[in-house]
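For reference, model-v9.cif (mmCIF, C-alpha atoms):
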data_entry
#
loop_
_atom_site.label_atom_id
_atom_site.label_comp_id
_atom_site.auth_asym_id
_atom_site.auth_seq_id
_atom_site.Cartn_x
_atom_site.Cartn_y
_atom_site.Cartn_z
CA MET R 1 141.96 73.72 126.37
CA GLY R 2 139.02 75.09 128.30
CA THR R 3 135.38 75.82 127.87
CA HIS R 4 134.09 79.26 126.99
CA TYR R 5 130.62 80.08 128.12
CA CYS R 6 128.48 82.76 126.43
CA ARG R 7 125.02 83.69 127.50
CA VAL R 8 122.97 85.08 124.63
CA PRO R 9 120.98 88.12 125.86
CA ASP R 10 117.18 87.92 125.90
CA THR R 11 116.79 90.21 122.91
CA PHE R 12 119.62 90.02 120.45
CA GLY R 13 119.34 91.82 117.19
CA TYR R 14 116.88 94.07 115.53
CA MET R 15 119.43 96.65 114.51
CA ASN R 16 121.20 96.62 117.83
CA LEU R 17 124.12 94.48 116.81
CA ALA R 18 126.63 96.67 118.63
CA GLY R 19 124.77 96.22 121.93
CA GLY R 20 124.16 92.50 121.40
CA LEU R 21 127.74 91.69 120.38
CA SER R 22 129.08 93.79 123.29
CA GLN R 23 127.07 91.71 125.74
CA LEU R 24 127.78 88.41 124.08
CA LYS R 25 131.59 88.60 123.81
CA LEU R 26 131.94 85.65 121.44
CA PRO R 27 135.31 83.97 122.14
CA PHE R 28 136.60 83.69 118.56
CA ASP R 29 140.22 84.06 119.67
CA ALA R 30 139.99 81.05 121.97
CA LEU R 31 138.82 78.76 119.15
CA GLY R 32 142.31 78.51 117.67
CA GLY R 33 143.50 76.83 120.88
CA GLY R 34 140.81 74.17 120.52
CA ALA R 35 138.72 75.49 123.41
CA GLU R 36 135.13 74.27 123.55
CA ALA R 37 132.38 76.83 123.43
CA THR R 38 129.01 76.78 125.12
CA LEU R 39 126.19 79.03 123.99
CA ASP R 40 123.48 79.53 126.57
CA VAL R 41 120.33 80.36 124.65
CA SER R 42 117.93 79.78 127.54
CA LYS R 43 117.16 83.50 127.94
CA LEU R 44 116.87 84.29 124.25
CA GLU R 45 113.36 85.44 123.46
CA PHE R 46 113.78 87.50 120.30
CA CYS R 47 116.28 87.10 117.54
CA ASP R 48 116.35 88.64 114.06
CA PRO R 49 118.26 87.59 110.90
CA ALA R 50 121.32 89.71 111.72
CA ALA R 51 121.67 88.19 115.18
CA THR R 52 120.91 84.73 113.80
CA VAL R 53 123.69 84.84 111.20
CA ALA R 54 126.07 86.17 113.87
CA LEU R 55 125.33 83.26 116.22
CA ALA R 56 125.44 80.80 113.32
CA GLY R 57 128.74 82.25 112.09
CA PHE R 58 130.27 81.74 115.51
CA ALA R 59 128.82 78.24 115.90
CA ALA R 60 129.94 77.07 112.45
CA THR R 61 133.43 78.51 112.94
CA ALA R 62 133.71 76.81 116.33
CA VAL R 63 132.57 73.46 114.94
CA ARG R 64 134.98 73.64 112.03
CA SER R 65 137.98 74.69 114.07
CA THR R 66 137.47 72.36 117.06
CA ARG R 67 135.80 69.55 115.05
CA ARG R 68 133.35 69.17 117.90
CA PRO R 69 129.73 70.27 118.18
CA ILE R 70 129.20 73.46 120.11
CA GLN R 71 127.40 72.99 123.44
CA LEU R 72 123.93 74.53 123.53
CA GLU R 73 122.41 75.24 126.93
CA GLY R 74 118.72 75.90 127.38
CA TRP R 75 117.95 74.75 123.84
CA ASP R 76 114.29 74.84 122.85
CA ALA R 77 113.50 72.63 119.86
CA GLY R 78 110.55 74.86 118.96
CA SER R 79 112.46 78.14 119.07
CA TYR R 80 113.27 80.61 116.32
CA LEU R 81 116.88 79.36 116.12
CA SER R 82 115.63 75.83 115.76
CA ARG R 83 113.17 76.89 113.07
CA VAL R 84 115.96 78.39 110.94
CA GLY R 85 118.15 75.28 111.18
CA PHE R 86 120.74 76.64 113.60
CA LYS R 87 121.42 73.29 115.21
CA LYS R 88 122.91 71.73 112.08
CA LEU R 89 125.49 74.52 111.88
CA ALA R 90 126.26 73.96 115.57
CA GLY R 91 127.20 70.36 114.75
CA HIS R 92 124.01 68.63 115.96
CA ALA R 93 121.11 66.88 114.26
CA ASP R 94 118.18 69.12 113.37
CA ASP R 95 115.39 68.63 115.93
CA PHE R 96 112.76 71.13 114.81
CA PRO R 97 109.51 69.35 115.68
CA ARG R 98 107.32 70.34 112.77
CA ARG R 99 107.51 70.82 109.01
CA ARG R 100 108.81 74.23 108.02
CA LEU R 101 105.97 76.11 106.42
CA GLU R 102 106.29 78.56 103.56
CA SER R 103 103.72 80.76 105.23
CA ASP R 104 106.27 81.43 108.00
CA ARG R 105 107.86 84.07 105.76
CA LEU R 106 111.35 83.41 106.98
CA THR R 107 114.16 81.45 105.42
CA SER R 108 116.35 78.84 107.03
CA LEU R 109 120.03 79.63 107.44
CA ILE R 110 121.65 79.15 104.04
CA GLU R 111 125.38 78.67 103.51
CA VAL R 112 126.42 79.99 100.12
CA ALA R 113 129.72 79.30 98.36
CA THR R 114 129.33 79.28 94.59
CA ALA R 115 127.60 81.37 91.89
CA LYS R 116 125.00 78.62 91.45
CA GLN R 117 124.29 78.51 95.20
CA ARG R 118 124.03 82.30 95.22
CA GLN R 119 121.42 82.16 92.49
CA GLU R 120 119.44 79.44 94.30
CA ALA R 121 119.67 81.26 97.62
CA ARG R 122 118.42 84.51 96.08
CA ARG R 123 115.52 82.72 94.47
CA ASP R 124 114.62 81.00 97.75
CA VAL R 125 114.81 84.25 99.70
CA LEU R 126 112.62 86.17 97.27
CA SER R 127 110.03 83.41 97.11
CA VAL R 128 109.83 82.97 100.89
CA LEU R 129 109.64 86.71 101.47
CA ASP R 130 106.68 86.80 99.10
CA VAL R 131 107.97 89.77 97.14
CA HIS R 132 106.03 89.91 93.89
CA HIS R 133 106.67 93.49 92.85
CA ASP R 134 109.18 93.30 89.97
CA GLY R 135 111.07 96.43 90.99
CA ALA R 136 111.31 95.39 94.64
CA ARG R 137 112.52 91.93 93.62
CA MET R 138 115.17 93.51 91.42
CA VAL R 139 116.51 95.75 94.20
CA LEU R 140 116.55 93.02 96.88
CA ASP R 141 118.04 90.55 94.43
CA TYR R 142 120.73 93.02 93.38
CA CYS R 143 121.77 93.77 96.97
CA LEU R 144 121.85 90.10 97.94
CA GLU R 145 123.96 89.14 94.95
CA GLU R 146 126.49 91.91 95.62
CA ILE R 147 126.78 91.18 99.34
CA LEU R 148 127.07 87.41 98.86
CA ARG R 149 129.65 87.86 96.12
CA ASN R 150 131.66 90.22 98.35
CA VAL R 151 132.14 87.37 100.82
CA GLU R 152 133.39 85.11 98.06
CA ASP R 153 135.76 87.78 96.73
CA HIS R 154 137.16 89.29 99.90
CA ALA R 155 136.44 87.35 103.06
CA ASP R 156 138.71 84.29 103.03
CA SER R 157 136.37 82.95 105.69
CA PRO R 158 136.45 79.55 107.42
CA VAL R 159 132.69 79.36 106.82
CA ASN R 160 131.03 80.44 103.58
CA ALA R 161 128.54 83.29 103.48
CA LEU R 162 125.68 82.62 105.90
CA LEU R 163 122.39 84.12 104.87
CA GLN R 164 119.03 84.46 106.56
CA ALA R 165 116.03 86.62 105.78
CA GLN R 166 112.59 87.36 107.17
CA TYR R 167 109.56 89.42 106.27
CA TYR R 168 107.96 91.25 109.22
CA ASP R 169 104.32 91.67 108.37
CA LYS R 170 103.45 94.22 111.08
CA ARG R 171 106.30 96.54 110.21
CA GLN R 172 106.07 95.64 106.51
CA GLN R 173 109.82 95.25 106.40
CA VAL R 174 112.15 92.77 104.79
CA VAL R 175 115.27 92.01 106.84
CA MET R 176 118.15 90.20 105.16
CA ALA R 177 121.50 89.45 106.77
CA VAL R 178 124.75 87.91 105.58
CA ALA R 179 127.71 87.02 107.79
CA ASP R 180 131.19 85.62 107.38
CA THR R 181 133.99 85.06 109.87
CA GLY R 182 136.89 85.88 107.56
CA HIS R 183 139.55 88.54 108.00
CA GLY R 184 137.22 91.55 107.95
CA ILE R 185 137.17 94.81 106.03
CA LEU R 186 140.17 96.45 107.71
CA ARG R 187 142.61 93.69 106.75
CA SER R 188 141.13 93.46 103.29
CA LEU R 189 141.52 97.21 102.67
CA ARG R 190 145.01 97.33 104.16
CA GLN R 191 146.27 95.23 101.28
CA ARG R 192 145.92 98.39 99.17
CA HIS R 193 145.63 101.15 101.74
CA GLN R 194 148.34 100.49 104.32
CA ASN R 195 147.50 103.64 106.26
CA MET R 196 143.95 102.56 107.05
CA GLU R 197 143.85 103.21 110.79
CA ASN R 198 141.10 101.14 112.32
CA ASP R 199 137.80 99.34 111.77
CA GLU R 200 135.81 102.55 111.83
CA ALA R 201 137.95 104.16 109.13
CA ALA R 202 137.75 100.96 107.08
CA LEU R 203 133.96 100.91 107.33
CA ARG R 204 133.64 104.52 106.29
CA ALA R 205 136.00 103.93 103.38
CA ALA R 206 134.39 100.68 102.25
CA ILE R 207 131.12 102.35 101.33
CA GLN R 208 132.87 104.86 99.09
CA PRO R 209 133.07 103.92 95.41
CA GLY R 210 136.24 102.22 94.23
CA VAL R 211 138.10 102.10 97.56
CA SER R 212 137.84 98.32 97.93
CA GLY R 213 138.49 97.72 94.22
CA ARG R 214 141.51 95.57 93.47
CA ASN R 215 142.62 92.32 91.99
CA THR R 216 141.01 89.78 94.28
CA ARG R 217 141.66 86.07 94.45
CA LYS R 218 138.61 85.73 92.21
CA GLY R 219 139.62 88.28 89.57
CA THR R 220 139.32 92.04 89.27
CA ASN R 221 136.80 94.03 91.22
CA ALA R 222 135.51 97.56 90.84
CA GLY R 223 134.88 98.07 94.56
CA LEU R 224 131.29 99.21 94.14
CA GLY R 225 129.35 96.37 95.81
CA LEU R 226 128.83 97.98 99.22
CA THR R 227 128.45 101.47 97.73
CA VAL R 228 125.65 100.45 95.40
CA SER R 229 123.86 98.17 97.89
CA SER R 230 123.95 100.71 100.70
CA SER R 231 122.74 103.49 98.39
CA LEU R 232 119.89 101.33 97.10
CA VAL R 233 118.72 100.29 100.56
CA THR R 234 118.84 103.77 102.04
CA LYS R 235 117.25 105.37 98.98
CA MET R 236 114.33 102.93 99.39
CA GLY R 237 113.90 104.21 102.94
CA GLY R 238 115.70 101.31 104.58
CA VAL R 239 118.59 100.84 106.99
CA PHE R 240 121.95 99.39 106.01
CA GLN R 241 124.28 98.05 108.71
CA VAL R 242 127.79 96.69 108.39
CA VAL R 243 129.72 95.11 111.25
CA THR R 244 133.44 94.46 111.18
CA GLY R 245 136.03 94.26 113.97
CA ASP R 246 134.91 96.50 116.82
CA SER R 247 132.66 98.80 114.79
CA VAL R 248 129.13 98.86 113.45
CA LEU R 249 128.26 101.30 110.68
CA GLU R 250 124.62 102.25 110.36
CA LEU R 251 123.36 104.11 107.32
CA THR R 252 119.92 105.54 106.76
CA GLY R 253 118.73 108.05 104.16
CA ARG R 254 119.60 110.86 106.59
CA ASP R 255 122.42 109.69 108.84
CA LEU R 256 125.63 107.78 108.98
CA ALA R 257 126.65 106.62 112.45
CA VAL R 258 129.37 104.31 113.72
CA HIS R 259 128.81 102.43 116.99
CA LYS R 260 131.48 100.58 118.94
CA ILE R 261 131.25 96.97 120.08
CA ARG R 262 132.58 97.12 123.61
CA GLY R 263 135.01 94.44 124.79
CA SER R 264 134.55 92.22 121.78
CA ARG R 265 135.15 92.01 118.03
CA TRP R 266 133.51 90.40 115.05
CA PRO R 267 136.34 88.85 113.01
CA GLY R 268 134.66 88.98 109.59
CA VAL R 269 131.78 91.05 108.28
CA ILE R 270 128.05 91.07 108.94
CA VAL R 271 125.78 93.01 106.60
CA ALA R 272 122.17 93.59 107.61
CA MET R 273 119.61 95.27 105.38
CA VAL R 274 116.16 96.41 106.45
CA VAL R 275 114.02 97.36 103.48
CA PRO R 276 110.45 98.61 103.76
CA ARG R 277 108.12 96.70 101.48
CA ASN R 278 106.28 99.45 99.74
CA ASP R 279 104.68 98.45 96.45
CA SER R 280 103.76 102.04 95.60
CA LEU R 281 107.44 103.05 95.39
CA ASP R 282 108.92 103.56 91.94
CA TRP R 283 111.54 100.87 92.58
CA GLU R 284 112.88 100.69 89.04
CA GLY R 285 113.07 104.48 88.67
CA THR R 286 114.88 104.82 91.98
CA PHE R 287 117.20 101.96 91.07
CA THR R 288 118.16 103.72 87.83
CA GLU R 289 118.57 107.02 89.68
CA VAL R 290 120.97 105.43 92.17
CA MET R 291 122.99 103.82 89.38
CA GLU R 292 123.32 107.13 87.59
CA ALA R 293 124.29 109.02 90.74
CA ILE R 294 127.26 106.85 91.77
CA MET H 295 138.90 98.13 36.32
CA THR H 296 138.90 94.66 34.81
CA ASP H 297 136.34 92.00 35.66
CA SER H 298 138.89 90.02 37.72
CA THR H 299 139.97 92.97 39.90
CA ARG H 300 136.32 93.88 40.43
CA ARG H 301 135.69 90.29 41.52
CA ILE H 302 138.69 90.37 43.91
CA SER H 303 137.61 93.62 45.53
CA TRP H 304 134.11 92.22 45.99
CA LEU H 305 135.58 89.10 47.59
CA GLY H 306 137.95 91.20 49.66
CA ARG H 307 135.09 93.28 50.96
CA LEU H 308 133.21 90.11 51.81
CA ILE H 309 136.16 88.67 53.70
CA LEU H 310 136.85 91.97 55.43
CA GLY H 311 133.16 92.26 56.34
CA TYR H 312 133.22 88.78 57.80
CA ALA H 313 136.38 89.48 59.76
CA LYS H 314 134.93 92.71 61.14
CA ARG H 315 131.47 91.37 61.92
CA PRO H 316 130.32 92.33 65.40
CA LEU H 317 130.69 89.80 68.20
CA MET H 318 127.18 89.03 69.46
CA VAL H 319 127.07 88.35 73.20
CA ARG H 320 123.64 86.88 73.90
CA LEU H 321 123.69 86.96 77.69
CA ARG H 322 120.80 84.58 78.17
CA ARG H 323 122.28 81.91 75.93
CA ARG H 324 125.76 82.19 77.40
CA PHE H 325 125.09 82.95 81.06
CA GLY H 326 121.45 82.07 81.69
CA GLU H 327 118.43 84.13 82.70
CA GLN H 328 120.25 85.56 85.73
CA PRO H 329 123.67 86.28 84.28
CA ASN H 330 125.86 86.70 87.34
CA ASP H 331 128.63 84.12 87.12
CA ARG H 332 131.65 86.39 87.19
CA ASP H 333 134.20 83.63 86.71
CA ARG H 334 132.62 82.60 83.43
CA ALA H 335 132.22 86.24 82.41
CA GLU H 336 135.91 86.94 82.99
CA GLU H 337 136.91 83.91 81.02
CA PHE H 338 134.58 84.96 78.20
CA CYS H 339 136.09 88.43 78.23
CA ARG H 340 139.61 87.05 77.86
CA GLN H 341 138.69 84.53 75.21
CA ARG H 342 136.17 86.43 73.09
CA VAL H 343 135.56 90.08 73.99
CA LEU H 344 139.19 91.18 74.24
CA PRO H 345 140.31 89.52 70.97
CA ALA H 346 137.25 90.87 69.14
CA LEU H 347 137.82 94.47 70.24
CA SER H 348 141.54 94.27 69.60
CA HIS H 349 140.85 93.11 66.02
CA GLY H 350 138.63 96.12 65.41
CA ARG H 351 135.31 94.30 65.76
CA ASN H 352 132.35 95.77 67.58
CA VAL H 353 130.74 93.91 70.48
CA VAL H 354 126.97 93.73 70.86
CA VAL H 355 125.70 92.79 74.32
CA ASP H 356 122.16 91.45 74.03
CA PHE H 357 120.12 91.46 77.26
CA ALA H 358 117.03 89.82 75.73
CA GLY H 359 115.36 87.40 78.15
CA THR H 360 117.60 88.22 81.11
CA GLY H 361 116.72 89.55 84.53
CA MET H 362 118.84 91.50 86.98
CA VAL H 363 122.55 91.92 86.22
CA THR H 364 125.03 93.42 88.65
CA GLN H 365 127.81 95.86 87.92
CA SER H 366 130.26 93.18 89.12
CA PHE H 367 129.14 90.90 86.32
CA ILE H 368 129.40 93.63 83.71
CA HIS H 369 132.80 94.57 85.10
CA ALA H 370 133.93 90.97 84.71
CA LEU H 371 132.48 90.78 81.21
CA VAL H 372 134.28 93.77 79.68
CA SER H 373 136.77 95.37 82.08
CA GLU H 374 139.86 93.40 80.97
CA ALA H 375 139.26 94.68 77.45
CA VAL H 376 138.29 98.26 78.28
CA LYS H 377 141.30 98.65 80.59
CA GLN H 378 143.59 97.85 77.63
CA ASP H 379 142.18 100.73 75.64
CA ASP H 380 139.27 102.75 76.98
CA ARG H 381 138.35 103.96 73.47
CA TRP H 382 137.14 100.42 72.82
CA ALA H 383 134.22 101.15 75.15
CA THR H 384 132.59 103.13 72.32
CA ARG H 385 132.51 99.95 70.24
CA ILE H 386 130.35 98.08 72.75
CA GLU H 387 126.70 98.30 71.82
CA LEU H 388 123.77 97.32 74.02
CA ARG H 389 120.65 95.65 72.70
CA ASN H 390 117.30 94.86 74.34
CA GLY H 391 118.40 96.22 77.72
CA SER H 392 115.85 97.59 80.17
CA LYS H 393 116.44 101.06 81.60
CA ALA H 394 117.82 99.47 84.78
CA GLN H 395 120.13 97.10 82.92
CA VAL H 396 121.50 99.94 80.79
CA ALA H 397 122.04 102.02 83.94
CA VAL H 398 123.98 99.15 85.55
CA PHE H 399 126.10 98.76 82.42
CA ASN H 400 126.85 102.47 82.26
CA LEU H 401 127.76 102.56 85.94
CA ALA H 402 130.21 99.70 85.50
CA LEU H 403 131.72 101.23 82.38
CA ARG H 404 132.01 104.70 83.94
CA HIS H 405 133.96 103.32 86.87
CA MET H 406 136.20 101.24 84.60
CA ILE H 407 137.20 104.22 82.53
CA THR H 408 137.45 106.81 85.29
CA PRO H 409 137.69 105.05 88.65
CA PRO H 410 136.78 107.67 91.31
CA THR H 411 140.01 107.80 93.28
CA ASN H 412 140.64 104.35 94.64
CA ARG H 413 141.61 106.26 97.74
CA PRO H 414 139.35 107.01 100.69
CA ARG H 415 138.27 110.61 100.93
CA ASN H 416 138.69 112.60 104.15
CA PRO H 417 137.41 110.40 106.94
CA GLN H 418 134.50 111.88 108.85
CA PRO H 419 134.73 112.25 112.63
CA LEU H 420 133.10 109.59 114.79
CA GLN H 421 129.51 110.36 115.62
CA PRO H 422 128.22 109.57 119.09
CA SER H 423 126.52 106.16 119.39
#

Represent the structure contained in this file as structure tokens.
Amino acid sequence: MGTHYCRVPDTFGYMNLAGGLSQLKLPFDALGGGAEATLDVSKLEFCDPAATVALAGFAATAVRSTRRPIQLEGWDAGSYLSRVGFKKLAGHADDFPRRRLESDRLTSLIEVATAKQRQEARRDVLSVLDVHHDGARMVLDYCLEEILRNVEDHADSPVNALLQAQYYDKRQQVVMAVADTGHGILRSLRQRHQNMENDEAALRAAIQPGVSGRNTRKGTNAGLGLTVSSSLVTKMGGVFQVVTGDSVLELTGRDLAVHKIRGSRWPGVIVAMVVPRNDSLDWEGTFTEVMEAI
Amino acid sequence: MTDSTRRISWLGRLILGYAKRPLMVRLRRRFGEQPNDRDRAEEFCRQRVLPALSHGRNVVVDFAGTGMVTQSFIHALVSEAVKQDDRWATRIELRNGSKAQVAVFNLALRHMITPPTNRPRNPQPLQPS
């Protein structure tokens, strides 16, 4: 048993998960041997929901496999991570010094396991993000439900789905992220597609309709969750990112790119969605169009 | 036709009509305003939807008073039945659905009846990061 030390880079996130995870090199493999982990967050200045759920996923997995709190170096009780309730998932008491305000427009980290929790989490997210437009609510709600349910159906994760979301007023963007630390897309797809070569191939396949459909431990599944969610987000002018293993897939309305995480892997799946909040969009019409096109 | 046979055929029609009455699935009453509990939907499909369709009854799915539904939920609600005989899909009627809800239902049904390939298409080459 040893101690694994990870220094979190000063800016971690905002659609640069491949870069952040490459620098961070989270020691998931060492956790099985009972090794302690230390996260040094002293340099962290900016963190977004995708990076937050990644750090929380690692911390919660470490706590549950070693049954010890994770060591946090350079912890600031007034920081973003503290504000979203990271410390509880790292096995410590929450020490955020003030009351969390609704006007903050960001949610705490939410762990979601059941259909009822999914429903409550979606309601919380939509109310905190202050989305009042019916069509926008429907699209965000739809994507969240599908992504959260995917974790329940496929992930077999030591921690349940971890969700965090924030509204960025300046950019007028909603960012929502969900992470698990289960067996990842490649292993999940290989149960039906034995020839699936690597994480990149699995990511490219997973967004195609029907490829991930199968009888899951929770019943039958059409394999359309990622296809529909990614199409909705990109059609609304947003960015859809999926991380699994050593690859990060990034989809926009124009491009599909796969980036590599260098020297590290994410064991489960992280899905990050950036959606512009544009009330003049015909959300319902676009939603229907996407449904008819798939 | 005698009075008694006329009476029997009237009764027979009544009984037959009762046996073939459509199964009403009021989503709000059964699954709440946000009907997305797939486990309950699958159970309902096995216990009510599948037997109804297999006995020649129609199924009416009523969306009144419900919000967003996902294709996963719809899949859970009817796929076990439709996979047994895809012609049964024509006996499922939608009521009070918004344009979006009907589109979700049709998407789910389309992929139940003709799943795209269930096989990944030609993988695209890696693009530079």

Please write as a tab-separated table (two decimals) with C-alpha atoms, in the frame of the given file the full residue list that the PyMOL selection byres ((chain R and resi 81-96) around 10) yields on this file.
chain	number	residue	atom	x	y	z
R	39	LEU	CA	126.19	79.03	123.99
R	41	VAL	CA	120.33	80.36	124.65
R	44	LEU	CA	116.87	84.29	124.25
R	46	PHE	CA	113.78	87.50	120.30
R	47	CYS	CA	116.28	87.10	117.54
R	48	ASP	CA	116.35	88.64	114.06
R	49	PRO	CA	118.26	87.59	110.90
R	52	THR	CA	120.91	84.73	113.80
R	53	VAL	CA	123.69	84.84	111.20
R	55	LEU	CA	125.33	83.26	116.22
R	56	ALA	CA	125.44	80.80	113.32
R	57	GLY	CA	128.74	82.25	112.09
R	58	PHE	CA	130.27	81.74	115.51
R	59	ALA	CA	128.82	78.24	115.90
R	60	ALA	CA	129.94	77.07	112.45
R	61	THR	CA	133.43	78.51	112.94
R	62	ALA	CA	133.71	76.81	116.33
R	63	VAL	CA	132.57	73.46	114.94
R	64	ARG	CA	134.98	73.64	112.03
R	67	ARG	CA	135.80	69.55	115.05
R	68	ARG	CA	133.35	69.17	117.90
R	69	PRO	CA	129.73	70.27	118.18
R	70	ILE	CA	129.20	73.46	120.11
R	71	GLN	CA	127.40	72.99	123.44
R	72	LEU	CA	123.93	74.53	123.53
R	75	TRP	CA	117.95	74.75	123.84
R	76	ASP	CA	114.29	74.84	122.85
R	77	ALA	CA	113.50	72.63	119.86
R	78	GLY	CA	110.55	74.86	118.96
R	79	SER	CA	112.46	78.14	119.07
R	80	TYR	CA	113.27	80.61	116.32
R	97	PRO	CA	109.51	69.35	115.68
R	98	ARG	CA	107.32	70.34	112.77
R	99	ARG	CA	107.51	70.82	109.01
R	100	ARG	CA	108.81	74.23	108.02
R	101	LEU	CA	105.97	76.11	106.42
R	104	ASP	CA	106.27	81.43	108.00
R	106	LEU	CA	111.35	83.41	106.98
R	107	THR	CA	114.16	81.45	105.42
R	108	SER	CA	116.35	78.84	107.03
R	109	LEU	CA	120.03	79.63	107.44
R	110	ILE	CA	121.65	79.15	104.04
R	111	GLU	CA	125.38	78.67	103.51
R	164	GLN	CA	119.03	84.46	106.56
R	165	ALA	CA	116.03	86.62	105.78

Inset, instruction - Would you mind listing what lies within 12 Å of Leu140 of chain R as a ChimeraX atom specification, with all atoms listed in the file counted and same-chain residues fewer than 6 positions away left out? - result: /R:122-123,125-127,129-134,146-147,165,173-177,228-230,232-233,236,238,273-277,283-284,287 /H:362,364

Using all atoms listed in the file, find which residues of chain R lie within 8 Å of chain H and jot them down as a CSV table (one decimal) with C-alpha atoms, in the frame of the given file.
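Okay, this is what ended up in result-v6.csv:
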chain,number,residue,atom,x,y,z
R,115,ALA,CA,127.6,81.4,91.9
R,116,LYS,CA,125.0,78.6,91.4
R,119,GLN,CA,121.4,82.2,92.5
R,138,MET,CA,115.2,93.5,91.4
R,141,ASP,CA,118.0,90.6,94.4
R,142,TYR,CA,120.7,93.0,93.4
R,145,GLU,CA,124.0,89.1,95.0
R,146,GLU,CA,126.5,91.9,95.6
R,193,HIS,CA,145.6,101.2,101.7
R,201,ALA,CA,138.0,104.2,109.1
R,204,ARG,CA,133.6,104.5,106.3
R,205,ALA,CA,136.0,103.9,103.4
R,208,GLN,CA,132.9,104.9,99.1
R,209,PRO,CA,133.1,103.9,95.4
R,210,GLY,CA,136.2,102.2,94.2
R,211,VAL,CA,138.1,102.1,97.6
R,212,SER,CA,137.8,98.3,97.9
R,213,GLY,CA,138.5,97.7,94.2
R,218,LYS,CA,138.6,85.7,92.2
R,219,GLY,CA,139.6,88.3,89.6
R,220,THR,CA,139.3,92.0,89.3
R,221,ASN,CA,136.8,94.0,91.2
R,222,ALA,CA,135.5,97.6,90.8
R,224,LEU,CA,131.3,99.2,94.1
R,225,GLY,CA,129.4,96.4,95.8
R,257,ALA,CA,126.6,106.6,112.4
R,258,VAL,CA,129.4,104.3,113.7
R,259,HIS,CA,128.8,102.4,117.0
R,260,LYS,CA,131.5,100.6,118.9
R,284,GLU,CA,112.9,100.7,89.0
R,285,GLY,CA,113.1,104.5,88.7
R,287,PHE,CA,117.2,102.0,91.1
R,288,THR,CA,118.2,103.7,87.8
R,291,MET,CA,123.0,103.8,89.4
R,292,GLU,CA,123.3,107.1,87.6
R,294,ILE,CA,127.3,106.8,91.8

Inset, instruction - Take the PyMOL selection byres ((chain H and resi 353) around 12), apply it to the structure above, and return the hits as a PyMOL selection string. - result: chain H and resi 314-320+339+342-352+354-356+371-372+375-376+382-389

Inset, instruction - Find the distance between atom CA of Thr66 of chain R and atom CA of Val178 of chain R and write it in Å to one decimal. - result: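 According to the coordinates, atom CA of Thr66 of chain R and atom CA of Val178 of chain R are separated by 23.1 Å.
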
Inset, instruction - Any chance you could resolve the PyMOL selection byres ((chain R and resi 19-34) around 8) against this file and give the residues as a ChimeraX atom specification? - result: /R:1,4,6-9,11-13,16-18,35-37,51,58,62,65-66,261-267

Dig up all the protein and nucleic acid residues within 6 Å of (131.8, 82.3, 108.2) in the file frame, using all atoms listed in the file, and format them as a compact mmCIF listing (two decimals) with C-alpha atoms, in the frame of the given file.
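The resulting out.txt:
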# COMPACT_ATOMS: atom_id res chain seq x y z
CA GLY R 57 128.74 82.25 112.09
CA SER R 157 136.37 82.95 105.69
CA PRO R 158 136.45 79.55 107.42
CA VAL R 159 132.69 79.36 106.82
CA ASN R 160 131.03 80.44 103.58
CA ALA R 161 128.54 83.29 103.48
CA ASP R 180 131.19 85.62 107.38
CA THR R 181 133.99 85.06 109.87

Inset, instruction - Tell me, in Å to one decimal, how far atom CA of Thr234 of chain R is from atom CA of Gln172 of chain R. - result: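 That distance, rounded to one decimal, is 15.8 Å.
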
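When atom CA of Cys143 of chain R is paired with atom CA of Val112 of chain R, their separation reads 14.9 Å.
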
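Using all atoms listed in the file, the nearest neighbour of Arg340 of chain H within the list H:Thr360, H:Ala313, H:Arg323, H:Gln378 is H:Gln378.
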